[in-house]
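Heads up, start_26.csv below (CSV, C-alpha atoms):
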chain,number,residue,atom,x,y,z
C,1,MET,CA,19.9,-20.6,40.9
C,2,THR,CA,16.2,-20.5,40.1
C,3,SER,CA,14.7,-19.8,36.7
C,4,SER,CA,12.2,-17.0,36.5
C,5,THR,CA,8.7,-17.6,34.9
C,6,THR,CA,7.7,-13.9,35.0
C,7,PRO,CA,6.6,-12.8,31.5
C,8,ALA,CA,8.7,-10.2,29.7
C,9,ARG,CA,7.5,-6.7,30.4
C,10,PRO,CA,6.9,-4.2,27.6
C,11,ALA,CA,9.8,-1.9,26.7
C,12,ALA,CA,10.0,1.3,28.7
C,13,GLY,CA,11.5,4.6,27.8
C,14,PRO,CA,11.0,7.2,25.0
C,15,ALA,CA,10.1,4.6,22.4
C,16,ALA,CA,7.3,3.2,24.5
C,17,ARG,CA,6.0,6.7,25.5
C,18,HIS,CA,5.8,7.7,21.8
C,19,ARG,CA,4.1,4.4,20.6
C,20,PRO,CA,0.9,5.0,18.6
C,21,ARG,CA,-2.2,3.9,20.2
C,22,ALA,CA,-5.6,2.7,18.9
C,23,LEU,CA,-8.9,4.3,19.8
C,24,ARG,CA,-11.9,1.9,19.4
C,25,LEU,CA,-15.2,3.5,18.7
C,26,PRO,CA,-18.5,1.5,18.7
C,27,GLY,CA,-20.2,1.6,15.3
C,28,PRO,CA,-23.2,0.0,13.6
C,29,GLY,CA,-22.5,-3.7,13.4
C,30,ARG,CA,-18.7,-3.4,14.2
C,31,THR,CA,-16.1,-1.5,16.2
C,32,LEU,CA,-14.2,1.3,14.4
C,33,SER,CA,-10.5,1.5,15.3
C,34,VAL,CA,-8.6,4.8,14.9
C,35,ARG,CA,-4.8,4.9,15.2
C,36,TRP,CA,-3.4,8.0,17.0
C,37,ASP,CA,-0.1,9.1,18.5
C,38,PRO,CA,-0.3,11.0,21.8
C,39,ARG,CA,2.8,13.1,21.0
C,40,ALA,CA,1.7,14.0,17.5
C,41,THR,CA,-1.8,14.9,18.9
C,42,ALA,CA,-0.2,17.2,21.5
C,43,VAL,CA,2.0,18.9,18.9
C,44,GLY,CA,-1.1,19.4,16.7
C,45,VAL,CA,-3.1,21.0,19.5
C,46,LEU,CA,-0.2,23.3,20.5
C,47,LEU,CA,0.3,24.4,16.9
C,48,ALA,CA,-3.4,25.1,16.6
C,49,LEU,CA,-3.3,27.2,19.8
C,50,ALA,CA,-0.3,29.1,18.5
C,51,ALA,CA,-2.2,29.8,15.2
C,52,ALA,CA,-5.2,31.0,17.2
C,53,ALA,CA,-2.9,33.4,19.2
C,54,VAL,CA,-1.4,34.7,15.9
C,55,GLY,CA,-5.0,35.3,14.7
C,56,VAL,CA,-5.9,37.3,17.8
C,57,TRP,CA,-2.7,39.3,17.4
C,58,THR,CA,-3.5,40.0,13.8
C,59,LEU,CA,-7.1,41.1,14.4
C,60,THR,CA,-6.5,43.4,17.4
C,61,THR,CA,-3.2,45.2,16.5
C,62,GLY,CA,-2.2,47.5,13.7
C,63,ASP,CA,-2.6,51.2,12.8
C,64,PHE,CA,-6.0,51.0,14.5
C,65,HIS,CA,-6.2,49.0,17.8
C,66,VAL,CA,-9.4,47.0,18.1
C,67,PRO,CA,-10.0,45.5,21.6
C,68,VAL,CA,-10.7,41.8,21.9
C,69,PRO,CA,-14.3,42.3,23.1
C,70,ASP,CA,-15.0,44.4,19.9
C,71,VAL,CA,-13.4,41.7,17.7
C,72,LEU,CA,-15.6,39.0,19.4
C,73,LYS,CA,-18.7,41.2,18.8
C,74,VAL,CA,-17.8,41.6,15.1
C,75,LEU,CA,-17.3,37.8,14.8
C,76,ALA,CA,-20.7,37.3,16.5
C,77,GLY,CA,-22.3,39.5,13.9
C,78,GLU,CA,-22.9,42.6,16.1
C,79,ASN,CA,-22.6,46.1,14.7
C,80,VAL,CA,-19.5,47.8,16.1
C,81,PRO,CA,-18.8,51.2,14.4
C,82,GLY,CA,-15.4,51.3,12.9
C,83,ALA,CA,-14.5,47.7,13.8
C,84,ASP,CA,-16.9,46.3,11.3
C,85,TYR,CA,-14.9,47.5,8.4
C,86,ILE,CA,-11.4,47.1,9.9
C,87,VAL,CA,-11.9,43.6,11.2
C,88,GLY,CA,-14.7,42.3,9.0
C,89,GLU,CA,-13.5,43.6,5.6
C,90,LEU,CA,-9.7,44.1,6.0
C,91,ARG,CA,-8.1,42.0,8.6
C,92,LEU,CA,-10.3,38.9,8.9
C,93,PRO,CA,-10.4,37.9,5.2
C,94,ARG,CA,-6.6,38.4,5.0
C,95,LEU,CA,-6.0,36.3,8.1
C,96,LEU,CA,-8.3,33.5,6.9
C,97,THR,CA,-6.7,33.5,3.5
C,98,ALA,CA,-3.2,33.2,5.1
C,99,LEU,CA,-4.4,30.3,7.3
C,100,LEU,CA,-6.1,28.4,4.5
C,101,VAL,CA,-3.4,28.9,1.9
C,102,GLY,CA,-0.7,27.9,4.5
C,103,ALA,CA,-2.7,24.8,5.4
C,104,ALA,CA,-3.0,23.8,1.7
C,105,LEU,CA,0.7,24.3,1.1
C,106,GLY,CA,1.6,22.4,4.3
C,107,LEU,CA,-0.6,19.5,3.3
C,108,SER,CA,0.7,19.4,-0.3
C,109,GLY,CA,4.3,19.5,0.9
C,110,ALA,CA,3.6,16.5,3.2
C,111,LEU,CA,2.1,14.6,0.3
C,112,PHE,CA,4.9,15.3,-2.2
C,113,GLN,CA,7.7,14.7,0.3
C,114,THR,CA,6.1,11.3,1.2
C,115,LEU,CA,5.8,10.4,-2.5
C,116,ALA,CA,9.4,11.4,-3.2
C,117,ARG,CA,10.6,10.0,0.2
C,118,ASN,CA,13.0,13.0,0.3
C,119,PRO,CA,12.8,16.3,2.3
C,120,LEU,CA,13.5,18.2,-0.9
C,121,GLY,CA,10.4,16.8,-2.6
C,122,SER,CA,8.4,20.0,-2.2
C,123,PRO,CA,6.2,21.5,-5.0
C,124,ASP,CA,8.2,24.7,-5.0
C,125,VAL,CA,11.5,22.8,-5.5
C,126,ILE,CA,10.3,20.3,-8.1
C,127,GLY,CA,8.8,23.1,-10.3
C,128,PHE,CA,5.0,22.7,-9.7
C,129,THR,CA,4.7,26.2,-8.2
C,130,VAL,CA,6.8,27.7,-11.0
C,131,GLY,CA,4.6,26.0,-13.6
C,132,SER,CA,1.5,27.4,-11.9
C,133,ALA,CA,3.1,30.9,-12.2
C,134,THR,CA,3.9,30.3,-15.9
C,135,GLY,CA,0.3,29.5,-16.5
C,136,ALA,CA,-0.8,32.7,-14.7
C,137,LEU,CA,1.8,34.8,-16.6
C,138,VAL,CA,0.6,33.5,-20.0
C,139,THR,CA,-2.9,34.4,-19.0
C,140,ILE,CA,-1.9,38.0,-17.9
C,141,LEU,CA,0.8,38.9,-20.4
C,142,VAL,CA,-0.1,36.9,-23.5
C,143,LEU,CA,-3.8,36.5,-23.4
C,144,GLY,CA,-4.5,39.8,-21.5
C,145,ALA,CA,-7.3,38.1,-19.5
C,146,GLY,CA,-8.9,39.3,-16.2
C,147,ALA,CA,-8.3,38.2,-12.6
C,148,ALA,CA,-10.8,35.3,-12.8
C,149,SER,CA,-8.9,33.8,-15.7
C,150,VAL,CA,-5.6,34.0,-13.8
C,151,ALA,CA,-6.7,31.3,-11.4
C,152,THR,CA,-7.7,29.1,-14.4
C,153,GLY,CA,-4.3,29.7,-16.0
C,154,SER,CA,-2.5,28.9,-12.8
C,155,VAL,CA,-4.3,25.6,-12.3
C,156,ILE,CA,-3.7,24.6,-16.0
C,157,GLY,CA,0.0,25.5,-15.8
C,158,CYS,CA,0.5,23.5,-12.6
C,159,ALA,CA,-1.4,20.5,-14.1
C,160,ILE,CA,0.7,20.5,-17.3
C,161,THR,CA,4.0,20.9,-15.4
C,162,SER,CA,3.2,18.1,-12.9
C,163,ALA,CA,2.2,15.8,-15.8
C,164,ALA,CA,5.4,16.6,-17.7
C,165,VAL,CA,7.6,16.1,-14.6
C,166,TYR,CA,5.9,12.8,-13.7
C,167,LEU,CA,6.2,11.4,-17.2
C,168,LEU,CA,9.8,12.5,-17.7
C,169,ALA,CA,10.7,10.9,-14.3
C,170,TRP,CA,8.8,7.6,-15.1
C,171,ARG,CA,11.0,4.5,-15.5
C,172,GLY,CA,8.5,1.8,-14.4
C,173,GLY,CA,7.8,4.1,-11.5
C,174,ALA,CA,8.6,7.7,-10.4
C,175,ALA,CA,11.4,7.1,-7.9
C,176,GLY,CA,12.1,10.0,-5.5
C,177,TYR,CA,15.5,11.2,-6.7
C,178,ARG,CA,14.5,11.1,-10.4
C,179,LEU,CA,11.3,13.1,-9.6
C,180,ILE,CA,13.4,15.8,-7.8
C,181,LEU,CA,16.1,16.0,-10.4
C,182,VAL,CA,13.7,16.2,-13.3
C,183,GLY,CA,11.6,18.7,-11.4
C,184,ILE,CA,14.6,21.0,-10.7
C,185,GLY,CA,15.4,21.0,-14.4
C,186,VAL,CA,11.9,21.7,-15.5
C,187,SER,CA,11.7,24.5,-12.8
C,188,SER,CA,14.8,26.1,-14.3
C,189,LEU,CA,13.4,26.1,-17.8
C,190,LEU,CA,10.1,27.6,-16.6
C,191,SER,CA,11.9,30.2,-14.6
C,192,ALA,CA,13.7,31.3,-17.8
C,193,ALA,CA,10.4,31.3,-19.7
C,194,ASN,CA,8.8,33.5,-17.0
C,195,ALA,CA,11.7,36.0,-17.2
C,196,TYR,CA,11.4,36.1,-21.0
C,197,LEU,CA,7.6,36.8,-20.7
C,198,ILE,CA,8.2,39.7,-18.3
C,199,ALA,CA,11.0,41.1,-20.4
C,200,ARG,CA,8.7,41.2,-23.4
C,201,ALA,CA,5.8,42.8,-21.6
C,202,SER,CA,5.0,46.5,-21.2
C,203,PHE,CA,6.2,48.3,-18.1
C,204,ASN,CA,2.8,48.3,-16.3
C,205,ASP,CA,2.1,44.6,-17.2
C,206,ALA,CA,5.6,43.6,-16.2
C,207,GLN,CA,5.3,45.4,-12.9
C,208,SER,CA,1.9,43.8,-12.1
C,209,ALA,CA,3.2,40.4,-13.0
C,210,GLN,CA,6.4,40.8,-10.9
C,211,VAL,CA,4.3,41.7,-7.9
C,212,TRP,CA,2.1,38.6,-8.4
C,213,LEU,CA,5.2,36.4,-8.8
C,214,THR,CA,6.5,37.6,-5.4
C,215,GLY,CA,3.6,36.0,-3.5
C,216,SER,CA,1.4,38.4,-1.5
C,217,LEU,CA,-1.7,38.5,0.6
C,218,ASN,CA,-2.3,42.2,0.2
C,219,GLY,CA,-5.9,43.0,-0.8
C,220,ARG,CA,-7.2,39.5,-0.4
C,221,GLY,CA,-10.9,39.4,0.3
C,222,TRP,CA,-13.8,37.0,1.0
C,223,GLU,CA,-13.8,35.6,-2.5
C,224,HIS,CA,-10.3,34.2,-1.9
C,225,VAL,CA,-11.4,32.8,1.5
C,226,TRP,CA,-14.3,30.9,-0.1
C,227,THR,CA,-12.0,29.6,-2.9
C,228,MET,CA,-9.7,28.0,-0.3
C,229,VAL,CA,-12.5,26.7,1.9
C,230,ALA,CA,-13.9,24.9,-1.2
C,231,THR,CA,-10.5,23.6,-2.1
C,232,LEU,CA,-9.7,22.2,1.4
C,233,ALA,CA,-13.3,20.8,1.8
C,234,VAL,CA,-12.9,18.7,-1.4
C,235,LEU,CA,-9.2,17.8,-1.3
C,236,GLY,CA,-8.6,17.7,2.5
C,237,PRO,CA,-10.7,14.5,3.1
C,238,ALA,CA,-9.2,12.8,0.1
C,239,ALA,CA,-5.7,13.5,1.5
C,240,VAL,CA,-6.7,12.1,4.9
C,241,LEU,CA,-8.0,8.9,3.2
C,242,LEU,CA,-4.6,8.5,1.5
C,243,GLY,CA,-2.7,8.8,4.8
C,244,ARG,CA,-2.7,5.1,5.8
C,245,PRO,CA,-1.5,3.7,2.4
C,246,LEU,CA,1.0,6.6,2.1
C,247,ARG,CA,2.4,5.6,5.5
C,248,MET,CA,2.9,2.0,4.2
C,249,LEU,CA,4.3,3.3,0.9
C,250,GLU,CA,7.2,4.9,2.9
C,251,MET,CA,8.4,1.3,3.6
C,252,GLY,CA,9.1,1.0,-0.1
C,253,GLU,CA,7.0,0.2,-3.2
C,254,ASP,CA,7.7,-3.5,-3.2
C,255,THR,CA,6.9,-3.9,0.5
C,256,ALA,CA,3.8,-1.8,0.2
C,257,ALA,CA,2.6,-3.9,-2.8
C,258,ALA,CA,3.2,-7.1,-0.9
C,259,LEU,CA,1.0,-5.8,1.9
C,260,GLY,CA,-1.8,-5.2,-0.5
C,261,VAL,CA,-1.4,-1.4,-1.2
C,262,PRO,CA,-2.3,-0.4,-4.8
C,263,VAL,CA,0.9,1.5,-5.3
C,264,GLN,CA,0.3,3.3,-8.6
C,265,ARG,CA,-3.3,4.2,-7.7
C,266,VAL,CA,-2.2,5.7,-4.3
C,267,SER,CA,0.7,7.5,-5.9
C,268,SER,CA,-1.5,9.0,-8.7
C,269,GLY,CA,-4.2,10.0,-6.2
C,270,ALA,CA,-1.7,11.7,-3.9
C,271,LEU,CA,-0.1,13.5,-6.9
C,272,ALA,CA,-3.5,14.7,-8.1
C,273,VAL,CA,-4.5,16.0,-4.6
C,274,GLY,CA,-1.2,17.7,-4.1
C,275,VAL,CA,-1.3,19.3,-7.5
C,276,GLY,CA,-4.8,20.6,-6.8
C,277,LEU,CA,-3.8,22.1,-3.5
C,278,THR,CA,-0.7,23.7,-4.9
C,279,ALA,CA,-2.4,25.1,-8.0
C,280,LEU,CA,-5.3,26.7,-6.2
C,281,SER,CA,-3.2,28.1,-3.3
C,282,THR,CA,-0.9,29.7,-5.9
C,283,ALA,CA,-3.9,31.1,-7.8
C,284,VAL,CA,-5.0,32.8,-4.7
C,285,ALA,CA,-1.8,34.1,-3.2
C,286,GLY,CA,0.8,33.8,-5.9
C,287,PRO,CA,3.8,31.5,-5.6
C,288,VAL,CA,4.6,31.7,-1.9
C,289,PRO,CA,7.9,29.8,-1.5
C,290,PHE,CA,9.2,27.3,1.1
C,291,VAL,CA,6.1,26.9,3.3
C,292,ALA,CA,5.4,23.5,1.6
C,293,LEU,CA,9.1,22.5,2.1
C,294,VAL,CA,9.5,23.6,5.7
C,295,ALA,CA,6.2,22.7,7.4
C,296,PRO,CA,6.4,18.8,7.1
C,297,GLN,CA,10.0,18.7,8.1
C,298,VAL,CA,9.5,20.9,11.2
C,299,VAL,CA,6.5,18.7,12.2
C,300,ARG,CA,8.5,15.5,11.7
C,301,ARG,CA,11.1,16.8,14.1
C,302,LEU,CA,8.6,17.9,16.6
C,303,THR,CA,6.4,14.7,16.6
C,304,ARG,CA,9.4,12.3,16.1
C,305,ALA,CA,6.8,10.2,14.2
C,306,THR,CA,7.3,8.4,10.9
C,307,GLY,CA,4.7,8.7,8.1
C,308,PRO,CA,3.3,11.7,6.3
C,309,ASN,CA,2.0,13.6,9.4
C,310,LEU,CA,-0.7,15.1,7.2
C,311,LEU,CA,-2.9,16.9,9.9
C,312,ALA,CA,0.0,18.3,11.9
C,313,SER,CA,1.7,19.5,8.6
C,314,THR,CA,-1.5,21.2,7.7
C,315,VAL,CA,-1.7,23.1,11.0
C,316,MET,CA,2.0,24.0,10.8
C,317,GLY,CA,1.6,25.4,7.3
C,318,ALA,CA,-1.2,27.6,8.5
C,319,LEU,CA,0.8,28.8,11.5
C,320,LEU,CA,3.9,29.5,9.4
C,321,LEU,CA,2.1,31.6,6.7
C,322,SER,CA,0.0,33.6,9.1
C,323,LEU,CA,3.0,34.3,11.3
C,324,SER,CA,5.1,35.3,8.3
C,325,ASP,CA,2.3,37.6,7.0
C,326,ILE,CA,2.0,39.6,10.2
C,327,ALA,CA,5.8,39.8,10.4
C,328,ALA,CA,5.8,41.1,6.8
C,329,GLN,CA,3.2,43.7,7.8
C,330,ARG,CA,4.9,45.0,11.0
C,331,MET,CA,8.7,44.6,10.6
C,332,LEU,CA,9.2,47.6,8.4
C,333,ALA,CA,5.9,49.5,9.2
C,334,PRO,CA,4.5,51.6,7.6
C,335,THR,CA,6.0,49.7,4.6
C,336,GLN,CA,4.4,46.3,4.0
C,337,LEU,CA,6.5,43.6,2.5
C,338,PRO,CA,5.0,40.8,0.3
C,339,VAL,CA,4.8,37.7,2.4
C,340,GLY,CA,6.7,35.8,-0.2
C,341,VAL,CA,9.8,37.9,0.5
C,342,LEU,CA,9.8,36.8,4.2
C,343,THR,CA,9.1,33.1,3.5
C,344,GLY,CA,11.8,33.2,0.9
C,345,VAL,CA,14.4,34.5,3.3
C,346,VAL,CA,13.4,32.1,6.1
C,347,GLY,CA,13.0,29.1,3.8
C,348,GLY,CA,16.3,29.8,2.1
C,349,CYS,CA,18.1,29.7,5.4
C,350,TYR,CA,16.3,26.5,6.3
C,351,LEU,CA,17.3,24.9,2.9
C,352,VAL,CA,20.9,25.8,3.5
C,353,TRP,CA,20.7,24.2,6.9
C,354,VAL,CA,19.2,21.0,5.5
C,355,LEU,CA,21.8,20.7,2.8
C,356,ALA,CA,24.7,21.3,5.2
C,357,ARG,CA,23.2,18.7,7.6
C,358,GLN,CA,23.0,16.1,4.9
C,359,TRP,CA,26.5,16.9,3.7
C,360,ARG,CA,27.9,16.5,7.2
C,361,SER,CA,26.1,13.2,7.6
C,362,GLY,CA,27.5,11.9,4.3
C,363,GLN,CA,24.1,11.9,2.5
C,364,GLY,CA,24.8,15.0,0.3
Would it be possible to restate this file's structure as structure tokens?
Amino acid sequence: MTSSTTPARPAAGPAARHRPRALRLPGPGRTLSVRWDPRATAVGVLLALAAAAVGVWTLTTGDFHVPVPDVLKVLAGENVPGADYIVGELRLPRLLTALLVGAALGLSGALFQTLARNPLGSPDVIGFTVGSATGALVTILVLGAGAASVATGSVIGCAITSAAVYLLAWRGGAAGYRLILVGIGVSSLLSAANAYLIARASFNDAQSAQVWLTGSLNGRGWEHVWTMVATLAVLGPAAVLLGRPLRMLEMGEDTAAALGVPVQRVSSGALAVGVGLTALSTAVAGPVPFVALVAPQVVRRLTRATGPNLLASTVMGALLLSLSDIAAQRMLAPTQLPVGVLTGVVGGCYLVWVLARQWRSGQG
């Protein structure tokens, strides 16, 4: 027998094909290295193309058909009689609001699920969305304020709720299961408070509040688009900067701290960014359920990648909400459903599937 001196070859197979790679870019004085995953990149591109296809479908179809060339002319700023109003004032602001609100919810869901290290750690499960709705209801039904103040009340309600949940779950750190259990309890209390506020209100105020609580994109205009553009322009880059330490935080707080990650600073930063995204998206569209819960989990299964998957979850959230909104408009035409009804039905089925899957695997 002869001994072989051939060096060991790298592992082949699916694990090797899905291995993240480093892209090195020349910079001033040093080389910049960016980590990327080919499969996650491909999934992100396909999701973006699907969202673009939904956008074309939304802009061209409906009670009044608008050909694609006319849509492109309107987008280029040309005057097309009839299409200017239908596309530029009705369909385009609603589509962009759906894409941006969905993106914010998908991103916030990825942040919270990474912090909780649990697929149920979504802002609409742990009560942040309900708290935002409580703030808006107090503004509408108790203070009798206008539409501009509803957004402020929504943000304040979400901030107070998140602070309460975080402090109640704190035991030298906000462990995932404590955060979820405390959040579910706080969500139940706030839901009861919301029901009490609506029961005490006049019929017209109660009807308006109930419509807002359902979550809807009806009548959304350019002012809502610019609100979400500003939100994502400020909070989106902050979330991307938190991506690497959050990925290390998934290994456990002790391991991450040993590797030099400032655990509490990263956790507080991710919580603040997630609360901001949840509060402002709720202020614009109402409490749209389950998008923040579903988007990161579907992305994780598609990419088969560990870590927060922030960018892909953002695109998936945009795709889910825009697709749900057009389905809510066309399924029972001419009656239009609030988009929150459709996401609630789909998300509820998904939640049952997740719980059944965990129960079968012995994790429930």
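Of the listed residues C:Asn79, C:Thr303, C:Asn204, C:Gln113, the one whose atoms come nearest to Leu46 of chain C is C:Thr303, with distances taken using all atoms listed in the file.
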## Note on the structure
Here atom CA of Val346 of chain C and atom CA of Val138 of chain C stand apart by 29.1 Å
### Message
Just checking: using all atoms listed in the file, which residue out of C:Leu107, C:Ala256, C:Leu75, C:Leu167 ends up closest to Ser281 of chain C?
### Response
C:Leu107
### Message
What's around Pro69 of chain C at 12 Å? Count all atoms listed in the file, leave out sequence neighbours fewer than 5 positions away in its own chain, and write the answer as number ranges by chain.
### Response
C: 56, 59-60, 74-76, 78, 80, 83
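The two atoms in question, atom CA of Leu320 of chain C and atom CA of Ala51 of chain C, are spaced 8.4 Å apart.
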### Task
Would you mind telling me which residue in C:Val266, C:Ala116, C:Leu96, C:Leu90 lies nearest to Ala52 of chain C when using all atoms listed in the file?
C:Leu96
#### Entry: Selection near Gly55 of chain C, 12 Å with only C-alpha atoms, sequence-local residues under 4 positions removed, as a ChimeraX atom specification
/C:48-51,59-61,68,71,87,91-99,318-326
#### Entry: Protein and nucleic acid residues near (9.6, 41.1, -18.3) (cut-off 12 Å, all atoms listed in the file) as a list of chain:residue names
C:Leu137, C:Val138, C:Ile140, C:Leu141, C:Val142, C:Ser191, C:Ala192, C:Ala193, C:Asn194, C:Ala195, C:Tyr196, C:Leu197, C:Ile198, C:Ala199, C:Arg200, C:Ala201, C:Ser202, C:Phe203, C:Asn204, C:Asp205, C:Ala206, C:Gln207, C:Ser208, C:Ala209, C:Gln210, C:Val211, C:Leu213
Could you rebuild segment 138-146 of chain C with all heavy atoms and give me the result as a PDB file, in the coordinates of the input?
ATOM      1  N   VAL C 138       1.168  33.597 -18.601  1.00  0.00           N
ATOM      2  CA  VAL C 138       0.600  33.500 -20.000  1.00  0.00           C
ATOM      3  C   VAL C 138      -0.749  34.119 -20.037  1.00  0.00           C
ATOM      4  O   VAL C 138      -1.094  34.830 -20.994  1.00  0.00           O
ATOM      5  CB  VAL C 138       0.622  32.025 -20.426  1.00  0.00           C
ATOM      6  CG1 VAL C 138      -0.155  31.866 -21.721  1.00  0.00           C
ATOM      7  CG2 VAL C 138       2.047  31.499 -20.591  1.00  0.00           C
ATOM      8  N   THR C 139      -1.549  33.870 -19.005  1.00  0.00           N
ATOM      9  CA  THR C 139      -2.900  34.400 -19.000  1.00  0.00           C
ATOM     10  C   THR C 139      -2.871  35.955 -18.903  1.00  0.00           C
ATOM     11  O   THR C 139      -3.631  36.642 -19.593  1.00  0.00           O
ATOM     12  CB  THR C 139      -3.671  33.871 -17.758  1.00  0.00           C
ATOM     13  OG1 THR C 139      -3.634  32.446 -17.808  1.00  0.00           O
ATOM     14  CG2 THR C 139      -5.115  34.331 -17.769  1.00  0.00           C
ATOM     15  N   ILE C 140      -1.955  36.503 -18.078  1.00  0.00           N
ATOM     16  CA  ILE C 140      -1.900  38.000 -17.900  1.00  0.00           C
ATOM     17  C   ILE C 140      -1.245  38.659 -19.060  1.00  0.00           C
ATOM     18  O   ILE C 140      -1.779  39.627 -19.618  1.00  0.00           O
ATOM     19  CB  ILE C 140      -1.133  38.281 -16.575  1.00  0.00           C
ATOM     20  CG1 ILE C 140      -1.855  37.709 -15.362  1.00  0.00           C
ATOM     21  CG2 ILE C 140      -0.964  39.788 -16.421  1.00  0.00           C
ATOM     22  CD1 ILE C 140      -1.044  37.817 -14.081  1.00  0.00           C
ATOM     23  N   LEU C 141      -0.048  38.169 -19.462  1.00  0.00           N
ATOM     24  CA  LEU C 141       0.800  38.900 -20.400  1.00  0.00           C
ATOM     25  C   LEU C 141       0.529  38.550 -21.863  1.00  0.00           C
ATOM     26  O   LEU C 141       0.722  39.381 -22.748  1.00  0.00           O
ATOM     27  CB  LEU C 141       2.263  38.662 -20.071  1.00  0.00           C
ATOM     28  CG  LEU C 141       2.702  39.066 -18.654  1.00  0.00           C
ATOM     29  CD1 LEU C 141       4.166  38.737 -18.443  1.00  0.00           C
ATOM     30  CD2 LEU C 141       2.432  40.532 -18.393  1.00  0.00           C
ATOM     31  N   VAL C 142       0.130  37.333 -22.136  1.00  0.00           N
ATOM     32  CA  VAL C 142      -0.100  36.900 -23.500  1.00  0.00           C
ATOM     33  C   VAL C 142      -1.541  37.032 -23.926  1.00  0.00           C
ATOM     34  O   VAL C 142      -1.878  37.600 -24.965  1.00  0.00           O
ATOM     35  CB  VAL C 142       0.426  35.468 -23.733  1.00  0.00           C
ATOM     36  CG1 VAL C 142       0.168  35.006 -25.162  1.00  0.00           C
ATOM     37  CG2 VAL C 142       1.916  35.369 -23.399  1.00  0.00           C
ATOM     38  N   LEU C 143      -2.422  36.503 -23.081  1.00  0.00           N
ATOM     39  CA  LEU C 143      -3.800  36.500 -23.400  1.00  0.00           C
ATOM     40  C   LEU C 143      -4.551  37.778 -22.939  1.00  0.00           C
ATOM     41  O   LEU C 143      -5.654  38.074 -23.400  1.00  0.00           O
ATOM     42  CB  LEU C 143      -4.535  35.280 -22.789  1.00  0.00           C
ATOM     43  CG  LEU C 143      -3.936  33.914 -23.199  1.00  0.00           C
ATOM     44  CD1 LEU C 143      -4.677  32.782 -22.501  1.00  0.00           C
ATOM     45  CD2 LEU C 143      -4.006  33.745 -24.714  1.00  0.00           C
ATOM     46  N   GLY C 144      -3.935  38.522 -21.993  1.00  0.00           N
ATOM     47  CA  GLY C 144      -4.500  39.800 -21.500  1.00  0.00           C
ATOM     48  C   GLY C 144      -5.856  39.529 -20.800  1.00  0.00           C
ATOM     49  O   GLY C 144      -6.759  40.376 -20.842  1.00  0.00           O
ATOM     50  N   ALA C 145      -5.999  38.394 -20.106  1.00  0.00           N
ATOM     51  CA  ALA C 145      -7.300  38.100 -19.500  1.00  0.00           C
ATOM     52  C   ALA C 145      -7.387  38.740 -18.101  1.00  0.00           C
ATOM     53  O   ALA C 145      -6.424  39.303 -17.562  1.00  0.00           O
ATOM     54  CB  ALA C 145      -7.378  36.548 -19.310  1.00  0.00           C
ATOM     55  N   GLY C 146      -8.595  38.650 -17.500  1.00  0.00           N
ATOM     56  CA  GLY C 146      -8.900  39.300 -16.200  1.00  0.00           C
ATOM     57  C   GLY C 146      -8.430  38.407 -15.051  1.00  0.00           C
ATOM     58  O   GLY C 146      -7.846  37.340 -15.219  1.00  0.00           O
TER      59      GLY C 146
END
